[in-house]
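Everything below concerns the one structure shown next.
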Amino acid sequence: MPLSRSLRTDPYPIRAARRAGAAVPIRERAPRRGFVHPAGPADVARVLTFFGPAATYGLRRVELRQRPAGGSGVAVAALRVPGIVLLFEQPAPPWSLSGRLADVTAARLARAGARVAVGEAVTRVDWPSDTLRDFMLFDGLMHEIGHHTVQHAARKRRTRAMRTADHERRADVYATRARHAWAAR
C-alpha cells in the first residue's frame with residue numbers, strides 16, 4: 001500500500017492549521033524600575049491571533065521578562081528551544097547608549113521608526129508614539145518566531161537546523177514579511 005499522503009509532506013501552514021491547539025500562554029513579570037515592557041500581553045496576543053496557527057504552531061509560551069544579567073548591548077528577545085519566546089524589558093525611552101552603534105544596528109532601529117542621533121560618546125535613541133512597541137512585536141517576537149518555525153519545521157529540538165547566518169537571515173525575512181502583512185491589514 002503506497003503512502004501518498006504522508007503527514008510529513010504537507011506544507012507547514014497546513015499542518016499547523018490542522019494541529020492548532022489552545023491559545024499560547026503569555027506570562028508577564030514586572031519590569032525593574034526605569035524599564036518597561038513596550039508590548040504588553042494584550043499586544044502579543046493580538047499579533048499571535050492575527051498570524052494564527054502558522055506562527056503559533058509548536059509554541060509553548062511567550063514570556064515578558066527582565067533582561068538577563070551581565071549582557072552587553074540591548075537584549076530584545078530570545079528563543080529558548082523548544083518553543084519558548086522571551087521578550088525582555090527595555091529601558092524607558094529615550095535611550096542613551098554609550099559609544100556609536102554599528103551601522104547595521106542603527107539602520108535596523110531607524111527602519112523600525114526610531115530616531116537615532118549619534119554623538120561623540122553617546123548615541124540617543126528616541127521612540128515616537130508606538131514605534132518601540134512595534135519594534136518589540138516584529139523585530140523581537142516575530143523574529144524569534146521566525147527562528148522557531150525554522151527549528152520546528154526541521155524537527156530540531158536541541159541542534160541548529162542550519163548555519164547561524166542563514167538562521168538569522170530567515171528570521172529577519174520572516175519578521176519583515178510579518179511587519180508588512182500587519183501594516184497591510
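Residue numbers start at 1 in each chain; chains themselves are named A, B, ... in the order of the C-alpha cells; ligands are numbered from 1 in the order shown.
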
Arg177 in chain A: which residues within 12 Å, counting only C-alpha atoms, same-chain residues fewer than 2 positions away excluded, as JSON, numbers by chain? {"A": [51, 138, 139, 142, 143, 146, 170, 171, 172, 173, 174, 175, 179, 180, 181, 182, 183, 184]}

Residues from the last selection, C-alpha atoms, saved as an mmCIF file, in the first residue's frame:
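Below you can see result-v1.cif, which holds the result:
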data_model
loop_
_atom_site.group_PDB
_atom_site.id
_atom_site.type_symbol
_atom_site.label_atom_id
_atom_site.label_comp_id
_atom_site.auth_asym_id
_atom_site.auth_seq_id
_atom_site.Cartn_x
_atom_site.Cartn_y
_atom_site.Cartn_z
ATOM 1 C CA PHE A 51 -0.906 35.454 12.315
ATOM 2 C CA PHE A 138 8.152 42.450 14.975
ATOM 3 C CA ASP A 139 11.922 42.716 15.476
ATOM 4 C CA MET A 142 8.143 37.731 15.165
ATOM 5 C CA HIS A 143 11.904 37.460 14.604
ATOM 6 C CA GLY A 146 10.902 33.009 12.633
ATOM 7 C CA ARG A 170 15.459 33.530 7.574
ATOM 8 C CA ALA A 171 14.249 35.001 10.874
ATOM 9 C CA ASP A 172 14.778 38.543 9.527
ATOM 10 C CA VAL A 173 12.810 37.737 6.372
ATOM 11 C CA TYR A 174 10.021 36.215 8.485
ATOM 12 C CA ALA A 175 9.847 39.320 10.710
ATOM 13 C CA ARG A 179 5.559 43.574 9.601
ATOM 14 C CA HIS A 180 4.331 44.114 6.019
ATOM 15 C CA ALA A 181 1.334 41.794 6.482
ATOM 16 C CA TRP A 182 0.409 43.611 9.706
ATOM 17 C CA ALA A 183 0.699 47.024 8.018
ATOM 18 C CA ALA A 184 -1.483 45.855 5.103
#

Excluding Glu63 in chain A and any residue of its chain fewer than 3 positions from it, enumerate the residues within 9 Å of it, using only C-alpha atoms, and give them as an mmCIF file with C-alpha atoms, in the first residue's frame.
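Contents of out19.cif, freshly written:
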data_model
loop_
_atom_site.group_PDB
_atom_site.id
_atom_site.type_symbol
_atom_site.label_atom_id
_atom_site.label_comp_id
_atom_site.auth_asym_id
_atom_site.auth_seq_id
_atom_site.Cartn_x
_atom_site.Cartn_y
_atom_site.Cartn_z
ATOM 1 C CA PRO A 25 0.048 31.289 27.220
ATOM 2 C CA ILE A 26 1.636 34.705 27.761
ATOM 3 C CA ARG A 27 3.368 35.327 31.087
ATOM 4 C CA GLU A 28 4.416 38.749 32.281
ATOM 5 C CA ARG A 29 6.911 39.516 35.007
ATOM 6 C CA PRO A 41 0.310 40.645 26.903
ATOM 7 C CA ILE A 84 9.563 29.462 24.418
ATOM 8 C CA VAL A 85 9.917 33.072 23.241
ATOM 9 C CA LEU A 86 11.352 35.547 25.743
ATOM 10 C CA LEU A 87 10.674 39.282 25.309
ATOM 11 C CA PHE A 88 12.899 41.369 27.547
#

9 Å contact set for Ala114 in chain A, only C-alpha atoms, chain neighbours under 2 positions out, as a list in words: Ala106, Arg108, Leu109, Ala110, Arg111, Ala112, Val116, Val125, Asp126, Trp127, Pro128, Thr131, Leu132 and Phe135 of chain A

Report the residues of range 3-183 of chain A whose backbone DSSP state falls under strand (DSSP E), written as a PyMOL selection string. chain A and resi 26-28+35-36+61-65+77-80+84-88+90-91+95-98+115-118+122-126

Under the rule that only C-alpha atoms are counted, which of A:Ala178, A:Val150, A:Leu141, A:Ala75 is the nearest residue to Asp166 in chain A? A:Val150

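The coordinates place CA of Arg169 in chain A at 29.2 Å from CA of Phe35 in chain A.
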
One residue among A:Gly99, A:Gly83, A:Gly34, A:Gly40 is nearest to Arg61 in chain A when using only C-alpha atoms, and that residue is A:Gly83

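Proximity of A:Gln151, A:Arg133, A:Gly140, A:Thr164 to Thr176 in chain A, computed with only C-alpha atoms, is greatest for A:Gly140.
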
Mind listing the helix (DSSP H, G or I) residues of range 40-99 of chain A, per DSSP on the backbone, as a VMD selection string? chain A and resid 41 to 51 53 to 56

Convert the current residue selection to file output with C-alpha atoms, as a PDB file, in the first residue's frame.
ATOM      1  CA  PRO A  41       0.310  40.645  26.903  1.00  0.00           C
ATOM      2  CA  ALA A  42      -2.725  42.015  25.019  1.00  0.00           C
ATOM      3  CA  ASP A  43      -0.474  43.304  22.208  1.00  0.00           C
ATOM      4  CA  VAL A  44       1.312  39.955  21.954  1.00  0.00           C
ATOM      5  CA  ALA A  45      -1.995  38.051  21.952  1.00  0.00           C
ATOM      6  CA  ARG A  46      -3.396  40.318  19.226  1.00  0.00           C
ATOM      7  CA  VAL A  47      -0.372  39.703  16.974  1.00  0.00           C
ATOM      8  CA  LEU A  48      -0.378  35.946  17.593  1.00  0.00           C
ATOM      9  CA  THR A  49      -4.110  35.795  16.834  1.00  0.00           C
ATOM     10  CA  PHE A  50      -3.631  37.780  13.619  1.00  0.00           C
ATOM     11  CA  PHE A  51      -0.906  35.454  12.315  1.00  0.00           C
ATOM     12  CA  PRO A  53      -1.599  28.715  13.676  1.00  0.00           C
ATOM     13  CA  ALA A  54       1.302  29.105  11.228  1.00  0.00           C
ATOM     14  CA  ALA A  55       3.002  31.389  13.776  1.00  0.00           C
ATOM     15  CA  THR A  56       1.900  29.662  16.974  1.00  0.00           C
TER      16      THR A  56
END

Within 7 Å of His37 in chain A, counting only C-alpha atoms, which residues qualify if same-chain residues fewer than 3 places away don't, as a short mmCIF file (atom, residue, chain, number, x, y, z; two decimals) with C-alpha atoms, in the first residue's frame?
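Once written, part.cif looks like this:
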data_model
loop_
_atom_site.label_atom_id
_atom_site.label_comp_id
_atom_site.auth_asym_id
_atom_site.auth_seq_id
_atom_site.Cartn_x
_atom_site.Cartn_y
_atom_site.Cartn_z
CA PRO A 31 9.92 45.16 34.80
CA GLY A 40 2.01 44.04 26.82
CA GLU A 89 12.11 44.61 29.34
CA GLN A 90 13.58 47.72 27.73
#

Mind checking which residues fall within 12 Å of Ala121 in chain A, counting only C-alpha atoms, ignoring those fewer than 6 positions away in the same chain, and posting them as a PyMOL selection string? chain A and resi 96-101

Take the residues from that selection and put them in a file with N, CA and C atoms, as a JSON list (two decimals), in the first residue's frame.
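Ended up saving to part15.json:
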[["chain", "number", "residue", "atom", "x", "y", "z"],
["A", 96, "SER", "N", 19.88, 56.26, 26.05],
["A", 96, "SER", "CA", 21.21, 56.84, 25.89],
["A", 96, "SER", "C", 22.20, 55.69, 25.95],
["A", 97, "LEU", "N", 22.79, 55.37, 24.80],
["A", 97, "LEU", "CA", 23.70, 54.24, 24.70],
["A", 97, "LEU", "C", 25.12, 54.75, 24.55],
["A", 98, "SER", "N", 26.04, 54.19, 25.31],
["A", 98, "SER", "CA", 27.42, 54.66, 25.23],
["A", 98, "SER", "C", 28.05, 54.19, 23.92],
["A", 99, "GLY", "N", 28.85, 55.09, 23.33],
["A", 99, "GLY", "CA", 29.55, 54.76, 22.09],
["A", 99, "GLY", "C", 28.66, 54.89, 20.87],
["A", 100, "ARG", "N", 29.22, 54.48, 19.75],
["A", 100, "ARG", "CA", 28.49, 54.50, 18.48],
["A", 100, "ARG", "C", 27.88, 53.14, 18.21],
["A", 101, "LEU", "N", 26.69, 53.14, 17.67],
["A", 101, "LEU", "CA", 26.06, 51.89, 17.25],
["A", 101, "LEU", "C", 26.65, 51.46, 15.91]]

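Between Gln66 in chain A and the candidates A:Val36, A:Pro82, A:Pro94, A:Asp130, the tightest atom-to-atom separation, counting only C-alpha atoms, involves A:Val36.
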
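Among the candidates A:Asp10, A:His147, A:Val62, A:Pro91, the residue lying nearest to Ala165 in chain A is A:His147 (atoms considered: only C-alpha atoms).
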